[in-house]
>>> print(open('final.txt').read())   # compact mmCIF, C-alpha atoms
# COMPACT_ATOMS: atom_id res chain seq x y z
CA MET A 1 -23.32 9.20 -44.82
CA ASP A 2 -24.46 9.68 -41.25
CA ASP A 3 -26.45 6.66 -40.33
CA PRO A 4 -28.48 6.99 -37.09
CA GLU A 5 -28.24 3.24 -36.49
CA LEU A 6 -24.45 3.36 -36.80
CA ASP A 7 -24.26 6.31 -34.37
CA ARG A 8 -26.41 4.44 -31.86
CA ILE A 9 -24.17 1.35 -32.10
CA ARG A 10 -21.06 3.52 -31.60
CA GLN A 11 -22.59 5.14 -28.52
CA GLN A 12 -23.47 1.73 -27.05
CA ARG A 13 -19.97 0.43 -27.72
CA LEU A 14 -18.41 3.52 -26.14
CA ALA A 15 -20.59 3.14 -23.05
CA GLN A 16 -19.68 -0.55 -22.83
CA LEU A 17 -15.95 0.17 -23.03
CA GLN A 18 -16.20 2.88 -20.38
CA SER A 19 -18.08 0.58 -18.02
CA GLN A 20 -15.46 -2.16 -18.49
CA GLN A 21 -12.68 0.26 -17.63
CA GLY A 22 -14.57 1.50 -14.60
CA GLY A 23 -14.66 5.05 -15.85
CA THR A 24 -17.91 6.67 -16.78
CA GLY A 25 -16.33 9.86 -18.00
CA ASP A 26 -18.47 11.67 -15.44
CA PRO A 27 -16.42 14.05 -13.27
CA ASN A 28 -19.01 13.77 -10.49
CA HIS A 29 -18.42 10.03 -10.32
CA ALA A 30 -14.67 10.51 -9.95
CA LYS A 31 -15.19 13.15 -7.27
CA ALA A 32 -17.62 10.91 -5.38
CA GLN A 33 -15.16 8.03 -5.49
CA GLU A 34 -12.37 10.31 -4.23
CA GLU A 35 -14.56 11.49 -1.34
CA LYS A 36 -15.41 7.89 -0.49
CA MET A 37 -11.70 6.97 -0.36
CA LYS A 38 -11.00 9.99 1.84
CA ALA A 39 -13.80 8.98 4.21
CA ILE A 40 -12.38 5.45 4.46
CA GLU A 41 -8.90 6.83 5.20
CA ASP A 42 -10.30 9.17 7.87
CA ALA A 43 -12.16 6.28 9.50
CA LYS A 44 -9.01 4.15 9.47
CA HIS A 45 -6.93 6.93 11.04
CA SER A 46 -9.61 7.45 13.68
CA ILE A 47 -9.61 3.77 14.61
CA LEU A 48 -5.82 3.63 14.71
CA SER A 49 -5.57 6.69 16.96
CA GLN A 50 -8.02 5.08 19.38
CA VAL A 51 -6.39 1.64 19.58
CA LEU A 52 -2.66 2.48 19.32
CA SER A 53 -0.50 4.14 21.93
CA GLN A 54 1.58 7.12 20.84
CA ASP A 55 4.79 5.08 20.64
CA ALA A 56 3.09 2.31 18.67
CA ARG A 57 1.61 4.85 16.27
CA ALA A 58 5.05 6.39 15.71
CA ARG A 59 6.56 2.96 15.02
CA LEU A 60 3.77 2.09 12.58
CA ASN A 61 4.32 5.37 10.73
CA THR A 62 8.02 4.58 10.46
CA ILE A 63 7.22 1.16 9.06
CA LYS A 64 4.77 2.66 6.57
CA PHE A 65 7.48 5.03 5.41
CA SER A 66 10.08 2.32 4.85
CA LYS A 67 7.76 -0.50 3.68
CA PRO A 68 4.39 0.89 2.55
CA GLU A 69 2.89 -2.52 1.68
CA LYS A 70 3.68 -3.99 5.07
CA GLY A 71 2.50 -0.86 6.88
CA ALA A 72 -0.83 -0.89 5.04
CA MET A 73 -1.27 -4.59 5.76
CA VAL A 74 -0.64 -4.09 9.49
CA GLU A 75 -2.98 -1.08 9.59
CA ASN A 76 -5.75 -3.09 7.96
CA MET A 77 -5.13 -5.98 10.34
CA ILE A 78 -5.37 -3.70 13.39
CA CYS A 79 -8.56 -2.07 12.06
CA GLN A 80 -10.15 -5.49 11.52
CA MET A 81 -9.18 -6.58 15.02
CA ALA A 82 -10.70 -3.40 16.47
CA GLN A 83 -13.93 -3.79 14.49
CA MET A 84 -14.29 -7.42 15.56
CA GLY A 85 -13.79 -6.50 19.21
CA GLN A 86 -10.56 -8.44 19.65
CA LEU A 87 -8.77 -5.49 21.26
CA ARG A 88 -9.50 -4.79 24.91
CA SER A 89 -7.04 -1.95 25.45
CA LYS A 90 -4.63 0.23 23.51
CA ILE A 91 -1.86 -1.60 21.70
CA SER A 92 1.52 -0.72 23.15
CA GLU A 93 4.73 -0.56 21.17
CA LYS A 94 5.80 -3.96 22.51
CA GLU A 95 2.52 -5.56 21.40
CA LEU A 96 2.88 -3.93 17.99
CA ILE A 97 6.38 -5.40 17.66
CA GLU A 98 4.97 -8.86 18.46
CA LEU A 99 2.28 -8.35 15.84
CA LEU A 100 4.90 -7.28 13.31
CA GLU A 101 6.99 -10.37 14.06
CA SER A 102 3.99 -12.60 13.39
CA VAL A 103 3.38 -10.74 10.11
CA ASN A 104 7.05 -11.19 9.16
CA GLN A 105 6.72 -14.94 9.65
CA GLN A 106 3.66 -15.04 7.40
CA MET A 107 5.16 -12.95 4.59
CA PRO A 108 7.54 -14.62 2.14
CA LYS A 109 11.08 -13.43 2.53
CA SER A 110 12.54 -11.56 -0.38
CA THR A 111 15.97 -12.63 -1.39
CA SER A 112 18.45 -9.99 -2.34
CA THR A 113 21.87 -10.55 -3.79
CA VAL A 114 24.93 -8.38 -3.74
CA LYS A 115 27.45 -8.64 -6.54
CA PHE A 116 30.99 -7.41 -6.24
CA ASP A 117 32.89 -6.31 -9.30
CA ARG A 118 36.30 -7.80 -8.57
CA ARG A 119 37.95 -6.12 -11.52
CA ARG A 120 37.42 -2.67 -10.05
CA ALA A 121 38.64 -3.85 -6.67
CA ALA A 122 41.80 -5.20 -8.28
CA LEU A 123 42.68 -1.74 -9.60
CA ASP A 124 42.59 -0.24 -6.13
CA SER A 125 44.93 -2.61 -4.41
CA ASP A 126 46.42 -1.84 -1.03
CA ASP A 127 49.75 -3.32 -2.10
CA ASP A 128 50.96 -0.05 -3.61
CA ASP A 129 54.16 1.25 -2.03
CA PHE A 130 54.28 4.90 -1.15
>>> encode(input="final.txt", output="structure tokens")
Amino acid sequence: MDDPELDRIRQQRLAQLQSQQGGTGDPNHAKAQEEKMKAIEDAKHSILSQVLSQDARARLNTIKFSKPEKGAMVENMICQMAQMGQLRSKISEKELIELLESVNQQMPKSTSTVKFDRRRAALDSDDDDF
């Protein structure tokens, strides 16, 4: 019951689904995309090493470690500024802090709540006589 028309339709549908998902199933395509991402990262690190002082670079790495989203956003912002010619000299740590403060004002603040379980605290009262 192999119908060549049915096989052709299945192949077309499979190709359509793969293109919608962005995967071609081709290992060369995945490798090329990985190399492209590595080249972009290398270019970004090159730009950052040229425009940031050593102290500023260390602070940015610390920020990236604690808050990866914010660190990536600041890195991208600095790279854009460098590519547009807005930077005349290396960014010092103090200038980076000012840039981070402006980013903090732009980003919405996350609210965190702390709940205390009073029942547990009641069990460990300090009123016990020794």
>>> closest_residue(input="final.txt", among="A:Met37, A:Val51, A:Leu6, A:Val103", to="Gly71 (chain A)", atoms="all atoms listed in the file")
A:Val103
>>> residues_around(input="final.txt", residues="Ala56 (chain A)", least_positions_apart="3", cutoff="9 Å", atoms="all atoms listed in the file", output="PyMOL selection string")
chain A and resi 52-53+59-61+91-97
>>> atom_distance(input="final.txt", atom1="CA of Arg8 (chain A)", atom2="CA of Ala30 (chain A)")
25.6 Å
>>> atom_distance(input="final.txt", atom1="CA of Glu75 (chain A)", atom2="CA of His45 (chain A)")
9.0 Å
>>> closest_residue(input="final.txt", among="A:Asn104, A:Thr113, A:Asn76, A:Arg118", to="Ala43 (chain A)", atoms="all atoms listed in the file")
A:Asn76
>>> atom_distance(input="final.txt", atom1="CA of Gln50 (chain A)", atom2="CA of Lys90 (chain A)")
7.2 Å
>>> closest_residue(input="final.txt", among="A:Leu99, A:Arg13, A:Met107, A:Gln18", to="Met77 (chain A)", atoms="only C-alpha atoms")
A:Leu99
>>> closest_residue(input="final.txt", among="A:Arg119, A:Lys36, A:Lys44, A:Arg10", to="Ala72 (chain A)", atoms="all atoms listed in the file")
A:Lys44
